[in-house]
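Below you'll find the structure, written out as structure tokens, and then a few comments.
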Amino acid sequence: MNEWLWTGAAMVGLLVPCALLAMRGAIVDRLLGFELGSAITSLALVVLAEGFDRSVYFDLALVFTAMQYGATLMIVRFLERGVTP
Amino acid sequence: MTGKQLLIAVLLGAAALIQFLCVLGVWLMPHVYDRLHFLTPATSVAPWLVAGAVWTREAMAHQGIVALLVAVFMLVFQPVLTHATIRAARAHQLGDWRPRPGETVHRRSPA
């Protein structure tokens with residue numbers, strides 16, 4: 001284990017409280033848990049890609065970052081229009 | 001441990017610490033508008049620390065450029081997402097995000 005993998009493990013660990021946030025409370029609070037978890041996941045993918053020394057995994061982080069932005073924006077727009085699950 | 005390794009460890013540690021504090025803030029703040037403030041450091045400071053750590057090791061390689069792109073993407077687009085989230089929260093709460101009649105943004109200071 002090097003410093004990259006330790007940091008990646010810490011970031012993955014931080015996804016647990018984000019997941020709990022995303023599963024409880026009002027729908028806007030759950031959305032915040034999802035947004036924070038997405039941001040942490042993006043950085044965890046970067047750090048783990050460097051830790052495993054696999055440059056191709058960096059592309060996954062970039063694509064995930066772009067797609068989570070679109071997905072979150074779509075959820076937010078639905079929420080604004082009053083469409084809730 | 002070389003100076004470069006020490007710098008990487010400090011940058012990564014700072015990024016993880018910032019994210020931890022953001023999670024803590026989102027957990028502990030009482031209201032959604034307070035909680036939203038804690039998304040900002042996780043999306044506009046921590047990515048640059050991680051990109052700095054990657055650049056310290058890889059510089060102008062594929063890894064460094066992509067890490068920089070991730071940081072730039074999050075810095076540019078996360079404020080848009082935060083604004084949209086605030087709008088959605090207000091619309092969800094009040095039915096419409098626009099100011100209601102008689103509602104003022106700034107409170108007048110007492111005379």
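The chains in the structure tokens are called A, B, ... from first to last as shown; in each chain the residues are counted from 1, and the ligands are counted from 1 in the order shown.
Shell of Trp55 (chain B) at 10 Å, with only C-alpha atoms counted and residues fewer than 5 places along the chain excluded, is Ile8, Leu49, Val50, Met60, Ala61, Gln63, Gly64, Ile65, Ala67 and Leu68 of chain B.
Counting only C-alpha atoms, region 23-34 of chain B has the following residues at most 8 Å away, ignoring those fewer than 5 positions along the same chain: Leu14, Pro17, Cys18, Leu21, Val28, Asp29, Leu32, Gly33 and Leu36 of chain A; Leu39, Ile86 and Ala89 of chain B.
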Output of the above residues as a short mmCIF file (atom, residue, chain, number, x, y, z; two decimals), in the first residue's frame, restricted to N, CA and C atoms:
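Output file again-v1.cif is given in full below:
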```
data_model
loop_
_atom_site.label_atom_id
_atom_site.label_comp_id
_atom_site.auth_asym_id
_atom_site.auth_seq_id
_atom_site.Cartn_x
_atom_site.Cartn_y
_atom_site.Cartn_z
N LEU A 14 -15.27 7.35 2.73
CA LEU A 14 -16.15 8.53 2.87
C LEU A 14 -17.45 8.38 2.08
N PRO A 17 -20.83 7.45 4.52
CA PRO A 17 -21.76 8.48 5.02
C PRO A 17 -22.53 9.18 3.90
N CYS A 18 -21.91 9.31 2.73
CA CYS A 18 -22.64 9.92 1.60
C CYS A 18 -23.81 9.04 1.18
N LEU A 21 -26.49 9.43 3.70
CA LEU A 21 -27.19 10.71 3.46
C LEU A 21 -28.17 10.58 2.30
N VAL A 28 -34.28 16.65 -1.11
CA VAL A 28 -33.19 17.57 -1.44
C VAL A 28 -31.93 17.20 -0.65
N ASP A 29 -32.10 16.78 0.61
CA ASP A 29 -30.96 16.34 1.40
C ASP A 29 -30.34 15.08 0.80
N LEU A 32 -28.19 16.03 -2.05
CA LEU A 32 -26.89 16.54 -1.62
C LEU A 32 -25.92 15.39 -1.33
N GLY A 33 -26.42 14.34 -0.69
CA GLY A 33 -25.59 13.16 -0.43
C GLY A 33 -25.10 12.55 -1.73
N LEU A 36 -22.39 14.99 -3.31
CA LEU A 36 -21.10 14.90 -2.61
C LEU A 36 -20.43 13.55 -2.88
N LEU B 39 -20.41 21.58 -0.23
CA LEU B 39 -20.08 20.89 -1.49
C LEU B 39 -18.91 21.60 -2.19
N ILE B 86 -29.90 24.73 -5.58
CA ILE B 86 -30.57 25.73 -4.72
C ILE B 86 -31.94 26.08 -5.31
N ALA B 89 -34.26 23.22 -4.68
CA ALA B 89 -34.65 23.13 -3.26
C ALA B 89 -35.72 24.16 -2.94
#
```
Do me a favour and pick out the residues of chain A within 8 Å of chain B, using only C-alpha atoms, as a compact mmCIF listing (two decimals) with N, CA and C atoms, in the first residue's frame.
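So out23.txt came out as:
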```
# COMPACT_ATOMS: atom_id res chain seq x y z
N GLU A 3 0.90 5.75 -0.66
CA GLU A 3 0.05 6.86 -0.19
C GLU A 3 -1.18 7.06 -1.08
N TRP A 4 -1.07 6.70 -2.35
CA TRP A 4 -2.20 6.85 -3.27
C TRP A 4 -3.33 5.89 -2.88
N THR A 7 -4.99 6.95 0.37
CA THR A 7 -5.92 8.06 0.15
C THR A 7 -7.18 7.58 -0.57
N ALA A 10 -9.37 5.86 1.86
CA ALA A 10 -10.06 6.83 2.73
C ALA A 10 -11.23 7.46 2.00
N MET A 11 -11.03 7.80 0.72
CA MET A 11 -12.11 8.41 -0.05
C MET A 11 -13.26 7.44 -0.27
N LEU A 14 -15.27 7.35 2.73
CA LEU A 14 -16.15 8.53 2.87
C LEU A 14 -17.45 8.38 2.08
N PRO A 17 -20.83 7.45 4.52
CA PRO A 17 -21.76 8.48 5.02
C PRO A 17 -22.53 9.18 3.90
N CYS A 18 -21.91 9.31 2.73
CA CYS A 18 -22.64 9.92 1.60
C CYS A 18 -23.81 9.04 1.18
N LEU A 21 -26.49 9.43 3.70
CA LEU A 21 -27.19 10.71 3.46
C LEU A 21 -28.17 10.58 2.30
N VAL A 28 -34.28 16.65 -1.11
CA VAL A 28 -33.19 17.57 -1.44
C VAL A 28 -31.93 17.20 -0.65
N ASP A 29 -32.10 16.78 0.61
CA ASP A 29 -30.96 16.34 1.40
C ASP A 29 -30.34 15.08 0.80
N LEU A 32 -28.19 16.03 -2.05
CA LEU A 32 -26.89 16.54 -1.62
C LEU A 32 -25.92 15.39 -1.33
N GLY A 33 -26.42 14.34 -0.69
CA GLY A 33 -25.59 13.16 -0.43
C GLY A 33 -25.10 12.55 -1.73
N GLU A 35 -24.73 14.17 -4.66
CA GLU A 35 -23.78 15.09 -5.29
C GLU A 35 -22.40 14.99 -4.65
N LEU A 36 -22.39 14.99 -3.31
CA LEU A 36 -21.10 14.90 -2.61
C LEU A 36 -20.43 13.55 -2.88
N ALA A 39 -18.83 13.61 -6.32
CA ALA A 39 -17.57 14.37 -6.36
C ALA A 39 -16.43 13.56 -5.74
N ILE A 40 -16.72 12.90 -4.63
CA ILE A 40 -15.69 12.10 -3.96
C ILE A 40 -15.30 10.91 -4.83
N SER A 42 -15.31 10.75 -8.10
CA SER A 42 -14.45 11.22 -9.20
C SER A 42 -12.99 11.28 -8.75
N LEU A 43 -12.77 11.87 -7.59
CA LEU A 43 -11.39 12.01 -7.11
C LEU A 43 -10.81 10.66 -6.66
N VAL A 46 -9.46 8.95 -9.66
CA VAL A 46 -8.16 9.51 -10.08
C VAL A 46 -7.04 8.96 -9.20
N VAL A 47 -7.28 9.01 -7.88
CA VAL A 47 -6.24 8.60 -6.93
C VAL A 47 -5.95 7.09 -7.06
N GLU A 50 -3.92 6.26 -10.16
CA GLU A 50 -2.49 6.53 -9.96
C GLU A 50 -1.88 5.48 -9.03
N SER A 55 -2.83 3.97 -16.32
CA SER A 55 -3.21 5.27 -16.87
C SER A 55 -4.58 5.23 -17.55
N PHE A 58 -7.63 6.57 -15.70
CA PHE A 58 -7.86 8.01 -15.62
C PHE A 58 -9.00 8.44 -16.54
N ASP A 59 -9.11 7.78 -17.68
CA ASP A 59 -10.19 8.09 -18.61
C ASP A 59 -11.55 7.79 -17.98
N ALA A 61 -12.23 8.06 -14.83
CA ALA A 61 -12.51 9.16 -13.91
C ALA A 61 -13.06 10.37 -14.66
N LEU A 62 -12.47 10.67 -15.81
CA LEU A 62 -12.92 11.83 -16.59
C LEU A 62 -14.34 11.63 -17.12
N THR A 65 -16.84 11.85 -14.29
CA THR A 65 -17.06 13.23 -13.86
C THR A 65 -18.05 13.92 -14.79
N ALA A 66 -17.86 13.74 -16.10
CA ALA A 66 -18.77 14.38 -17.06
C ALA A 66 -20.18 13.80 -16.96
N TYR A 69 -22.16 14.78 -13.82
CA TYR A 69 -22.69 16.14 -13.93
C TYR A 69 -24.03 16.13 -14.67
N THR A 72 -26.78 14.36 -12.51
CA THR A 72 -27.25 15.16 -11.38
C THR A 72 -28.11 16.33 -11.87
N LEU A 73 -27.67 16.94 -12.97
CA LEU A 73 -28.44 18.07 -13.51
C LEU A 73 -29.84 17.62 -13.93
N VAL A 76 -31.92 17.18 -10.82
CA VAL A 76 -32.25 18.50 -10.27
C VAL A 76 -33.38 19.14 -11.06
N ARG A 77 -33.33 19.02 -12.37
CA ARG A 77 -34.38 19.61 -13.20
C ARG A 77 -35.73 18.95 -12.95
N LEU A 79 -36.58 17.54 -10.17
CA LEU A 79 -36.99 17.95 -8.83
C LEU A 79 -37.59 19.35 -8.85
N GLU A 80 -36.99 20.22 -9.66
CA GLU A 80 -37.48 21.60 -9.75
C GLU A 80 -38.89 21.64 -10.33
N ARG A 81 -39.17 20.72 -11.23
CA ARG A 81 -40.49 20.70 -11.86
C ARG A 81 -41.51 19.91 -11.05
N GLY A 82 -41.09 19.44 -9.89
CA GLY A 82 -42.02 18.75 -9.00
C GLY A 82 -42.18 17.28 -9.28
```
- Item | Those of chain A in DSSP alpha helix (DSSP H), formatted as a VMD selection string | chain A and resid 3 to 23 27 to 51 56 to 80
The residue from A:Val56, A:Leu31, A:Gly51, A:Leu45 with the smallest atom-to-atom distance to Met74 (chain A), counting only C-alpha atoms, is A:Leu31
Separating CA of Val76 (chain B) from CA of Gly13 (chain A), to the nearest tenth of an Å, is a gap of 26.4 Å
The distance between CA of Met1 (chain A) and CA of Arg54 (chain A) is 15.1 Å
